[in-house]
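*Asks:* Below is a structure I'd like to ask you about.
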Amino acid sequence: MVSEVHNNPAAILRVERLSMKFGGLIAINDLNFEAKRGAITALIGPNGAGKTTVFNCITGFYKPTEGMLTMTRQNGEEYLLERMADFVITKKAKVARTFQNIRLFSGLTVLENLLVAQHNPLMLSSGFTILGLLGFPTYKKAASDAIEKARFWLEKINLVERADDPAGDLPYGAQRRLEIARAMCTDPELLCLDEPAAGLNARESAELNKLLLDIRDETGTSILLIEHDMSVVMEISDHVVVLEYGTKISDGTPETVKNDPKVIAAYLGVEDEEVVELIEQAEAAGLDNITAAVDLLSTEALHEIEEAHPDMAPAALIPSAPAKVRPARTTAAKKPAVKSAPEKPVAKPAAVKTAKPAPTKPAAKAPAAIKPGATANALGEPRGGKADRLFVIKGIGPVNERKLNEHGIFHFDQIAAWKKADIIAAEAYLAFDGRIAREDWIGQAKKLAKESQAKPAPKKTGGAK
Amino acid sequence: MADLQTTERDSVFAKAVKEGLLAGALAFGLFFLIVGFRTDQNIRNELVLNQRWGLLTIFVLVAGIGRFLLTAYITPWSVARSKNKRVAVEKEQSAFRKSFPKIGLGLLLVYPFLVILILTAYNGSMMGGLQGSLKYVDNFGIQILIYVMLAWGLNIVVGLAGLLDLGYVAFYAVGAYSYALLSTHFGLSFWLLLPMAGIFAALWGIILGFPVLRLRGDYLAIVTLAFGEIIRLVLINWTAVTKGTFGISGIAKATLFGIPFTPGPTGFAALLGLPNSGVYYKIFLYYLILFLALLTAWVTIRLRRMPIGRAWEALREDEIACRSLGINTTTTKLTAFATGAMFGGFAGSFFAARQGFVSPESFIFLESAIILAIVVLGGMGSLVGIAIAAAVMIGGTELLRELEFLKRIFGPDFTPELYRMLLFGLAMIVVMVWKPRGFVGNREPSAFLHKRKMVSSEFTKEGHG
């Protein structure tokens with residue numbers, strides 16, 4: 001295993017036999033994985049699985065008890081991270097990180113935050129302060145270059161307007177983005193993000209995805225991220241590593257990982273014997289059935305939560321449940337298969353409900369009846385069985401998305417084709433007046449529709465296959 | 001409308017009169033027996049009752065008139081002010097505030113001549129003016145500027161880097177003793193020893209810095225406090241070198257590029273054909289300390305725009321985030337200690353040259369506390385605020401020596417000097433209640449993209465050590 005990992009030149013970071021013990025507690029136990037260059041690697045797992053500990057080991061905030069962490073830079077230099085001090089890792093090995101609880105310099109302005117991140121190159125050009133203090137022109141040029149670089153990243157994260165405000169004054173989502181931009185200002189080759197989507201709403205989360213993909217594609221920075229929000233993980237990551245109790249339980253592409261029964265068991269918290277049973281059944285019945293079973297299980301779990309908190313929009317609940325829970329999917333087709341395969345799947349109350357028909361759920365029951373007052377181009381059901389993520393349009397939240405779906409609007413091009421009468425009709429059932437025009441939904445939708453036609457792949461939702 | 005206002009005004013006035021009378025009556029009731037009568041023993045050891053109607057009247061009048069003024073004028077004024085404040089744009093004040101440093105600097109530059117001019121006019125003779133100005137230039141001007149410089153030096157450590165240092169006076173002592181010893185033993189000149197004293201103090205700053213690198217907050221404060229005491233005890237007990245509590249006397253005075261300020265034929269006064277007077281040396285010292293203080297300010301302002309200055313402030317905001325950005329916090333802290341200590345050393349050697357005598361008595365903990373209080377009172381990080389605080393604190397305590405009129409109120413036994421520290425403490429409490437973050441709590445950003453906006457004190461942190 002170790003030697004196999006060792007010979008892979010595409011790996012930017014190799015974690016080999018990593019163990020971390022705090023007294024008697026084993027936080028990480030013999031962990032092996034690698035992050036590929038130019039790829040987004042996600043590290044997922046239930047709470048307390050040791051994800052952040054892995055991060056702290058990689059970035060030097062903890063010294064691992066055992067193991068080797070090899071960072072290979074673009075120029076071929078290799079660094080053993082476990083032997084380096086935390087700040088040297090950022091400076092020499094070019095690994096940058098963000099924190100789970102945002103750690104901005106709240107009393108410095110947004111711009112200053114990004115300038116502090118460029119400390120090391122500026123220090124050199126200011127001749128370790130002495131030349132800069134005497135007013136040498138090299139520092140002046142370097143300083144204005146640094147401001148330009150900060151401006152570039154501010155434009156990327158949409159914060160140019162607020163460059164001179166204190167970082168502590170920004171809203172939460174903007175602080176998250178700023179922290180990522182600040183880490184990028186250190187010119188990293190590997191960017192480690194600790195739960196970048198925590199506390200973000202659906203739209204901010206979608207923006208974050210775009211930002212991360214941009215970073216990967218434009219700067220070639222490899223990304224390693226810890227995340228709970230499955231819509232982020234499944235949509236953008238190229239490779240997923242799953243941890244539970246400090247041990248790796250799954251490793252592979254998002255597709256394989258999310259169908260791995262061990263992963264599902266870890267997330268849903270089933271008893272061990274049941275996992276074994278589930279795996280056996282999976283082997284007996286073939287992969288398709290087990291996927292469907294798991295799918296159903298998680299949907300049921302979601303309904304459970306939905307019933308407990310009727311006031312919450314379903315989309316808001318998604319991050320807490322595993323991959324296959326997007327309610328927009330029609331699960332009806334797969335139900336028979338489930339019933340035939342694992343008859344006694346899980347002891348959880350959620351599973352007991354398998355027998356009785358699912359309670360009324362807004363999106364999943366979709367096609368049958370389009371509500372009255374729908375617009376002219378309403379569809380009976382989404383084309384190809386899956387809807388576009390309408391909340392990408394600024395102004396549409398999860399609740400409005402559901403309302404639109406109920407009225408037969410599933411795709412961007414539908415909104416793009418709206419006429420005046422349609423807008424009036426839509427505003428009537430959305431209880432908006434003038435917002436559609438004000439926020440230019442149609443313009444946004446046209447752009448998004450064009451994009452999705454050009455490259456339909458990334459528009460795929462987290463849940464759909 | 002006008003009617004309404006007048007009636008309102010009248011009613012406030014009537015209410016104030018009523019409350020004033022009531023307060024007077026209450027005070028009379030309270031103090032009638034306590035203040036109005038006093039029992040004394042006469043020569044035959046008999047108790048006699050003294051009546052103090054005059055004092056009682058003062059008490060009653062103060063209470064009554066005070067209450068009246070408070071209700072009739074002060075409360076409506078402060079209400080109106082707070083109302084206006086909400087409406088008023090900040091720009092109104094900023095015209096004066098912006099030019100305040102320049103006005104202050106101009107005043108400082110002409111201060112000695114201004115004093116001489118005023119006193120000459122007052123006394124009617126040039127000589128009287130010169131001699132009379134001695135007190136104002138020396139006791140007020142130089143004394144305040146020494147503390148301004150010390151506080152600006154400490155500001156680098158406490159205000160910018162957020163490292164609480166309670167032993168700053170140690171560096172002041174190192175500077176003073178370096179000059180005293182090297183000039184008495186080796187006869188080196190002030191201009192050579194001034195930078196050397198700074199270098200020695202900076203070295204001691206680094207020596208102090210090393211053991212305290214790992215400490216934060218209260219622990220750091222305690223260790224720096226201990227360091228200050230150690231230096232003082234070494235000065236007391238190492239009698240072979242420092243002569244212990246006797247101190248070192250007969251320290252050479254500073255010269256103006258080799259021209260001594262002595263009464264002889266080669267002296268400053270004789271060379272310029274001026275009448276003999278000690279005041280020239282004081283004026284020279286005034287400009288010297290003004291220059292040194294401005295040097296401190298200039299270096300601080302320049303450093304804040306350098307990467308090292310930003311790293312200091314970032315360190316104050318969040319040390320862990322600093323390390324994650326590749327900043328070596330060890331060297332950053334040490335440079336803060338060294339730079340702060342260096343200015344302490346400069347001030348120390350100036351102090352020795354001014355006094356002509358140094359002893360450990362001058363470097364007690366109270367000095368450290370006063371310097372720190374000036375920094376906190378002025379607003380950490382703000383040069384203007386600190387200068388104002390130094391003028392108020394040091395000038396205020398000097399002024400208390402002058403207040404002879406207090407004797408007329410409190411009787412001939414009253415010596416205002418004895419109450420100096422009491423009033424000093426009271427003033428500090430009042431200021432901290434009125435302005436919790438010091439006179440100037442806002443932080444000026446070191447760089448800006450669109451517009452330089454002050455960062456409100458609610459976002460900046462004090463540092464954790």
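Residue names in the structure tokens use chain letters A, B, ... in the order shown, residue numbers from 1 in each chain, and ligand numbers from 1 in the order shown.
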Could you name the residues that touch Val137 in chain B at 8 Å or less, counting only C-alpha atoms, but leaving out those on the same chain fewer than 6 positions away, as a VMD selection string?

*Replies:* chain B and resid 112 115 282 to 283 286

*Asks:* Go ahead and save the residues from that selection, with N, CA and C atoms, as a PDB file, in the first residue's frame.

*Replies:*
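Below you can see again_7.pdb, which holds the result:
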```pdb
ATOM      1  N   PRO B 112       8.563  76.807  23.464  1.00  0.00           N
ATOM      2  CA  PRO B 112       9.472  77.516  24.380  1.00  0.00           C
ATOM      3  C   PRO B 112       9.492  79.019  24.123  1.00  0.00           C
ATOM      4  N   VAL B 115       6.381  80.667  25.388  1.00  0.00           N
ATOM      5  CA  VAL B 115       6.410  80.837  26.848  1.00  0.00           C
ATOM      6  C   VAL B 115       7.278  82.035  27.215  1.00  0.00           C
ATOM      7  N   LYS B 282      17.987  74.054  28.705  1.00  0.00           N
ATOM      8  CA  LYS B 282      16.647  73.464  28.800  1.00  0.00           C
ATOM      9  C   LYS B 282      15.935  73.526  27.453  1.00  0.00           C
ATOM     10  N   ILE B 283      16.087  74.655  26.780  1.00  0.00           N
ATOM     11  CA  ILE B 283      15.428  74.766  25.469  1.00  0.00           C
ATOM     12  C   ILE B 283      16.041  73.776  24.494  1.00  0.00           C
ATOM     13  N   TYR B 286      14.682  70.520  25.291  1.00  0.00           N
ATOM     14  CA  TYR B 286      13.294  70.450  24.820  1.00  0.00           C
ATOM     15  C   TYR B 286      13.258  70.048  23.355  1.00  0.00           C
TER      16      TYR B 286
END
```

*Asks:* Hey, what's within 6 Å of Thr72 in chain A if we count only C-alpha atoms and toss same-chain stuff fewer than 3 positions away? As a ChimeraX atom specification, please?

*Replies:* /A:12,77-78

*Asks:* Got a sec to pull out which chain B residues are within 9 Å of chain A, counting only C-alpha atoms, and send them as a PyMOL selection string?

*Replies:* chain B and resi 299+302-303+306-308+310-311+313-318+320-329+443+445-461

*Asks:* Suppose we keep C-alpha atoms; can you now write the selection as a PDB file, in the first residue's frame?

*Replies:*
```
ATOM      1  CA  VAL B 299       9.241  55.308  12.602  1.00  0.00           C
ATOM      2  CA  ARG B 302       6.381  54.138   8.568  1.00  0.00           C
ATOM      3  CA  LEU B 303       6.505  50.724  10.202  1.00  0.00           C
ATOM      4  CA  MET B 306       5.575  47.975   6.221  1.00  0.00           C
ATOM      5  CA  PRO B 307       4.840  44.239   6.247  1.00  0.00           C
ATOM      6  CA  ILE B 308       6.295  43.998   9.754  1.00  0.00           C
ATOM      7  CA  ARG B 310       0.916  44.839   9.553  1.00  0.00           C
ATOM      8  CA  ALA B 311       2.189  41.568  10.955  1.00  0.00           C
ATOM      9  CA  GLU B 313      -1.328  44.249  14.144  1.00  0.00           C
ATOM     10  CA  ALA B 314      -2.339  40.899  12.688  1.00  0.00           C
ATOM     11  CA  LEU B 315      -0.599  39.260  15.647  1.00  0.00           C
ATOM     12  CA  ARG B 316      -2.728  41.349  17.978  1.00  0.00           C
ATOM     13  CA  GLU B 317      -5.870  40.260  16.156  1.00  0.00           C
ATOM     14  CA  ASP B 318      -5.176  36.537  15.805  1.00  0.00           C
ATOM     15  CA  ILE B 320      -2.965  31.400  14.926  1.00  0.00           C
ATOM     16  CA  ALA B 321      -4.225  32.954  11.710  1.00  0.00           C
ATOM     17  CA  CYS B 322      -0.865  34.726  11.442  1.00  0.00           C
ATOM     18  CA  ARG B 323       0.987  31.462  11.569  1.00  0.00           C
ATOM     19  CA  SER B 324      -1.347  29.929   9.005  1.00  0.00           C
ATOM     20  CA  LEU B 325      -0.310  32.717   6.630  1.00  0.00           C
ATOM     21  CA  GLY B 326       3.372  31.887   6.922  1.00  0.00           C
ATOM     22  CA  ILE B 327       4.289  34.671   9.341  1.00  0.00           C
ATOM     23  CA  ASN B 328       7.042  33.777  11.758  1.00  0.00           C
ATOM     24  CA  THR B 329       5.432  34.911  14.988  1.00  0.00           C
ATOM     25  CA  ARG B 443      -7.845  52.682  14.164  1.00  0.00           C
ATOM     26  CA  PRO B 445      -5.988  51.548   8.298  1.00  0.00           C
ATOM     27  CA  SER B 446      -2.487  51.236   6.868  1.00  0.00           C
ATOM     28  CA  ALA B 447      -3.637  50.907   3.267  1.00  0.00           C
ATOM     29  CA  PHE B 448      -6.790  51.603   1.318  1.00  0.00           C
ATOM     30  CA  LEU B 449      -8.299  50.909  -2.080  1.00  0.00           C
ATOM     31  CA  HIS B 450     -10.993  53.574  -2.398  1.00  0.00           C
ATOM     32  CA  LYS B 451     -11.154  55.703   0.721  1.00  0.00           C
ATOM     33  CA  ARG B 452      -9.413  55.769   4.076  1.00  0.00           C
ATOM     34  CA  LYS B 453     -12.086  54.967   6.637  1.00  0.00           C
ATOM     35  CA  MET B 454     -11.394  54.730  10.335  1.00  0.00           C
ATOM     36  CA  VAL B 455     -11.918  51.275  11.770  1.00  0.00           C
ATOM     37  CA  SER B 456     -14.283  51.487  14.698  1.00  0.00           C
ATOM     38  CA  SER B 457     -12.911  50.293  18.009  1.00  0.00           C
ATOM     39  CA  GLU B 458     -15.633  47.680  18.318  1.00  0.00           C
ATOM     40  CA  PHE B 459     -13.825  45.536  15.754  1.00  0.00           C
ATOM     41  CA  THR B 460     -10.226  45.843  16.916  1.00  0.00           C
ATOM     42  CA  LYS B 461      -8.937  43.535  19.577  1.00  0.00           C
TER      43      LYS B 461
END
```

*Asks:* Just give me the gap between CA of Phe343 in chain B and CA of Tyr177 in chain B in Å, one decimal is fine.

*Replies:*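 Pair CA of Phe343 in chain B / CA of Tyr177 in chain B returns 14.6 Å.
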
*Asks:* Quick one: pick out all helix (DSSP H, G or I) residues within range 13-203 of chain A from a backbone DSSP run and write them as number ranges by chain.

*Replies:* A: 51-58, 81-83, 86-91, 110-116, 119-125, 130-133, 137-156, 160-162, 167-169, 172-184, 202-203

*Asks:* Which residues, written as a list in words, have at least one atom at most 10 Å from Ala16 in chain B, with only C-alpha atoms counted and residues fewer than 6 positions away on the same chain left out?

*Replies:* Asp10, Leu22, Gly64, Ile65, Arg67, Phe68, Leu69, Leu70, Thr71, Ala72 and Tyr73 of chain B

*Asks:* Report the distance between CA of Ala353 in chain B and CA of Gly175 in chain B in Å, rounded to one decimal place.

*Replies:*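 Separation between CA of Ala353 in chain B and CA of Gly175 in chain B: 10.7 Å.
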
*Asks:* Rank nothing, just name the residue among A:Pro64, A:Gly45, A:Gly252, A:Gly443 nearest to Phe22 in chain A, using only C-alpha atoms.

*Replies:*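 Comparing A:Pro64, A:Gly45, A:Gly252, A:Gly443 against Phe22 in chain A, the winner is A:Pro64.
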
*Asks:* If we count only C-alpha atoms and set the cut-off at 8 Å, which residues sit around Gly153 in chain B, ignoring sequence neighbours fewer than 6 positions away in its own chain? Please answer as JSON, numbers by chain.

*Replies:* {"B": [296, 339, 340, 341, 342, 343, 344]}

*Asks:* Find the spatial neighbours of Gly50 in chain A, counting only C-alpha atoms, within a cut-off of 10 Å - ignore same-chain residues fewer than 3 positions away - and output them as a list in words.

*Replies:*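 Residues meeting the cut-off are Met20, Ile26, Ala27, Ile28, Asn29, Leu43, Ile44, Gly45, Pro46, Asn47, Thr53, Val54, Phe55, Asn56, Leu243, Glu244, Tyr245, Gly246 and Thr247 of chain A.
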
*Asks:* Just write the chosen residues, N, CA and C atoms, as a tab-separated table (two decimals), in the first residue's frame.

*Replies:*
```
chain	number	residue	atom	x	y	z
A	20	MET	N	-2.45	9.86	15.07
A	20	MET	CA	-2.37	10.97	16.03
A	20	MET	C	-3.08	10.52	17.29
A	26	ILE	N	-7.26	7.86	20.41
A	26	ILE	CA	-6.66	7.76	19.08
A	26	ILE	C	-7.54	8.55	18.13
A	27	ALA	N	-7.05	9.72	17.73
A	27	ALA	CA	-7.86	10.58	16.87
A	27	ALA	C	-7.75	10.13	15.42
A	28	ILE	N	-6.54	9.74	15.02
A	28	ILE	CA	-6.35	9.23	13.66
A	28	ILE	C	-5.57	7.93	13.79
A	29	ASN	N	-6.01	6.93	13.05
A	29	ASN	CA	-5.38	5.63	13.19
A	29	ASN	C	-4.94	5.13	11.83
A	43	LEU	N	-12.55	15.53	2.18
A	43	LEU	CA	-12.37	14.67	3.34
A	43	LEU	C	-13.67	14.76	4.11
A	44	ILE	N	-14.43	13.67	4.14
A	44	ILE	CA	-15.72	13.75	4.83
A	44	ILE	C	-15.78	12.71	5.92
A	45	GLY	N	-16.81	12.80	6.72
A	45	GLY	CA	-16.97	11.87	7.82
A	45	GLY	C	-17.86	12.48	8.87
A	46	PRO	N	-18.43	11.66	9.73
A	46	PRO	CA	-19.31	12.20	10.76
A	46	PRO	C	-18.54	13.09	11.73
A	47	ASN	N	-19.26	13.79	12.58
A	47	ASN	CA	-18.60	14.63	13.58
A	47	ASN	C	-17.67	13.80	14.45
A	53	THR	N	-8.36	17.09	12.71
A	53	THR	CA	-7.05	16.66	13.22
A	53	THR	C	-6.11	16.38	12.06
A	54	VAL	N	-6.63	15.72	11.02
A	54	VAL	CA	-5.80	15.48	9.83
A	54	VAL	C	-5.31	16.81	9.28
A	55	PHE	N	-6.21	17.77	9.21
A	55	PHE	CA	-5.85	19.09	8.69
A	55	PHE	C	-4.78	19.73	9.54
A	56	ASN	N	-4.97	19.65	10.85
A	56	ASN	CA	-3.99	20.27	11.73
A	56	ASN	C	-2.64	19.60	11.61
A	243	LEU	N	-13.74	9.36	6.45
A	243	LEU	CA	-13.16	8.94	7.72
A	243	LEU	C	-14.26	8.60	8.70
A	244	GLU	N	-13.99	7.61	9.54
A	244	GLU	CA	-14.85	7.41	10.69
A	244	GLU	C	-13.98	6.92	11.83
A	245	TYR	N	-14.12	7.52	12.98
A	245	TYR	CA	-13.30	7.19	14.15
A	245	TYR	C	-11.82	7.14	13.80
A	246	GLY	N	-11.36	8.09	12.99
A	246	GLY	CA	-9.95	8.17	12.69
A	246	GLY	C	-9.44	7.16	11.68
A	247	THR	N	-10.32	6.35	11.13
A	247	THR	CA	-9.88	5.36	10.15
A	247	THR	C	-10.57	5.67	8.83
```

*Asks:* Considering only C-alpha atoms, can you say which of B:Leu383, B:Ile34, B:Val174, B:Leu164 comes closest to Arg232 in chain B?

*Replies:*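 Of B:Leu383, B:Ile34, B:Val174, B:Leu164, the one nearest Arg232 in chain B, counting only C-alpha atoms, is B:Val174.
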
*Asks:* Quick check, in Å to one decimal: how far apart do CA of Gly198 in chain B and CA of Leu295 in chain B lie?

*Replies:*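 Between these atoms lies a distance of 12.8 Å.
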
*Asks:* Can you pull out the residues contacting Phe32 in chain B? Cut-off 12 Å, using only C-alpha atoms, and skip same-chain residues under 3 positions away; I want them as a VMD selection string.

*Replies:* chain B and resid 24 to 29 35 to 38 51 to 60

*Asks:* Those same residues - N, CA and C atoms - I'd like them written as a JSON list (two decimals), in the first residue's frame.

*Replies:*
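Written file, part-v7.json:
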```
[["chain", "number", "residue", "atom", "x", "y", "z"],
["B", 24, "GLY", "N", -31.14, 70.99, 48.44],
["B", 24, "GLY", "CA", -30.54, 71.80, 49.50],
["B", 24, "GLY", "C", -31.08, 71.41, 50.86],
["B", 25, "ALA", "N", -32.40, 71.22, 50.91],
["B", 25, "ALA", "CA", -33.02, 70.83, 52.18],
["B", 25, "ALA", "C", -32.50, 69.48, 52.65],
["B", 26, "LEU", "N", -32.40, 68.56, 51.69],
["B", 26, "LEU", "CA", -31.88, 67.23, 52.02],
["B", 26, "LEU", "C", -30.46, 67.31, 52.56],
["B", 27, "ALA", "N", -29.63, 68.10, 51.87],
["B", 27, "ALA", "CA", -28.24, 68.25, 52.30],
["B", 27, "ALA", "C", -28.19, 68.86, 53.70],
["B", 28, "PHE", "N", -29.07, 69.83, 53.94],
["B", 28, "PHE", "CA", -29.10, 70.46, 55.26],
["B", 28, "PHE", "C", -29.44, 69.42, 56.32],
["B", 29, "GLY", "N", -30.48, 68.62, 56.01],
["B", 29, "GLY", "CA", -30.88, 67.58, 56.96],
["B", 29, "GLY", "C", -29.76, 66.59, 57.23],
["B", 35, "VAL", "N", -21.80, 67.99, 59.88],
["B", 35, "VAL", "CA", -20.86, 69.04, 59.51],
["B", 35, "VAL", "C", -21.05, 70.28, 60.39],
["B", 36, "GLY", "N", -22.29, 70.55, 60.70],
["B", 36, "GLY", "CA", -22.60, 71.80, 61.40],
["B", 36, "GLY", "C", -21.98, 71.89, 62.79],
["B", 37, "PHE", "N", -21.83, 70.77, 63.42],
["B", 37, "PHE", "CA", -21.25, 70.80, 64.77],
["B", 37, "PHE", "C", -20.01, 69.95, 64.82],
["B", 38, "ARG", "N", -19.11, 70.35, 65.67],
["B", 38, "ARG", "CA", -17.91, 69.54, 65.83],
["B", 38, "ARG", "C", -17.51, 69.62, 67.29],
["B", 51, "GLN", "N", -19.42, 75.37, 66.44],
["B", 51, "GLN", "CA", -20.45, 75.48, 65.41],
["B", 51, "GLN", "C", -19.79, 75.91, 64.11],
["B", 52, "ARG", "N", -20.14, 75.18, 63.01],
["B", 52, "ARG", "CA", -19.49, 75.48, 61.72],
["B", 52, "ARG", "C", -20.55, 75.81, 60.68],
["B", 53, "TRP", "N", -21.21, 76.92, 60.90],
["B", 53, "TRP", "CA", -22.32, 77.26, 59.99],
["B", 53, "TRP", "C", -21.82, 77.58, 58.60],
["B", 54, "GLY", "N", -20.67, 78.18, 58.51],
["B", 54, "GLY", "CA", -20.12, 78.55, 57.19],
["B", 54, "GLY", "C", -19.94, 77.33, 56.31],
["B", 55, "LEU", "N", -19.28, 76.30, 56.87],
["B", 55, "LEU", "CA", -19.02, 75.09, 56.11],
["B", 55, "LEU", "C", -20.32, 74.40, 55.72],
["B", 56, "LEU", "N", -21.25, 74.40, 56.69],
["B", 56, "LEU", "CA", -22.55, 73.77, 56.40],
["B", 56, "LEU", "C", -23.22, 74.47, 55.22],
["B", 57, "THR", "N", -23.12, 75.83, 55.23],
["B", 57, "THR", "CA", -23.74, 76.58, 54.13],
["B", 57, "THR", "C", -23.11, 76.18, 52.80],
["B", 58, "ILE", "N", -21.79, 76.02, 52.79],
["B", 58, "ILE", "CA", -21.13, 75.62, 51.53],
["B", 58, "ILE", "C", -21.68, 74.28, 51.05],
["B", 59, "PHE", "N", -21.79, 73.34, 51.96],
["B", 59, "PHE", "CA", -22.30, 72.01, 51.60],
["B", 59, "PHE", "C", -23.70, 72.12, 51.00],
["B", 60, "VAL", "N", -24.55, 72.87, 51.72],
["B", 60, "VAL", "CA", -25.94, 72.97, 51.27],
["B", 60, "VAL", "C", -26.01, 73.68, 49.92]]
```

*Asks:* Considering only C-alpha atoms, state which residue in the set A:Ser237, A:Thr138, A:Asn259, A:Ser19 is at the smallest distance from Ala35 in chain A.

*Replies:*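 Closest to Ala35 in chain A, using only C-alpha atoms: A:Ser237.
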
*Asks:* Using only C-alpha atoms for the distances, tell me which of B:Tyr280, B:Tyr179, B:Phe96, B:Trp238 is nearest to Ala197 in chain B.

*Replies:*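 Checking each candidate against Ala197 in chain B, we get B:Tyr179 as the closest.
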
*Asks:* Write down as number ranges by chain the residues of range 219-461 of chain B whose backbone DSSP state falls under strand (DSSP E or B).

*Replies:* B: 248-249, 256, 259, 357-358, 443, 455

*Asks:* Which residue out of B:Leu418, B:Val358, B:Ala252, B:Val223 has the minimum interatomic distance to Tyr168 in chain B when only C-alpha atoms are used?

*Replies:*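 Looking only at the distances to Tyr168 in chain B, the closest residue turns out to be B:Val223.
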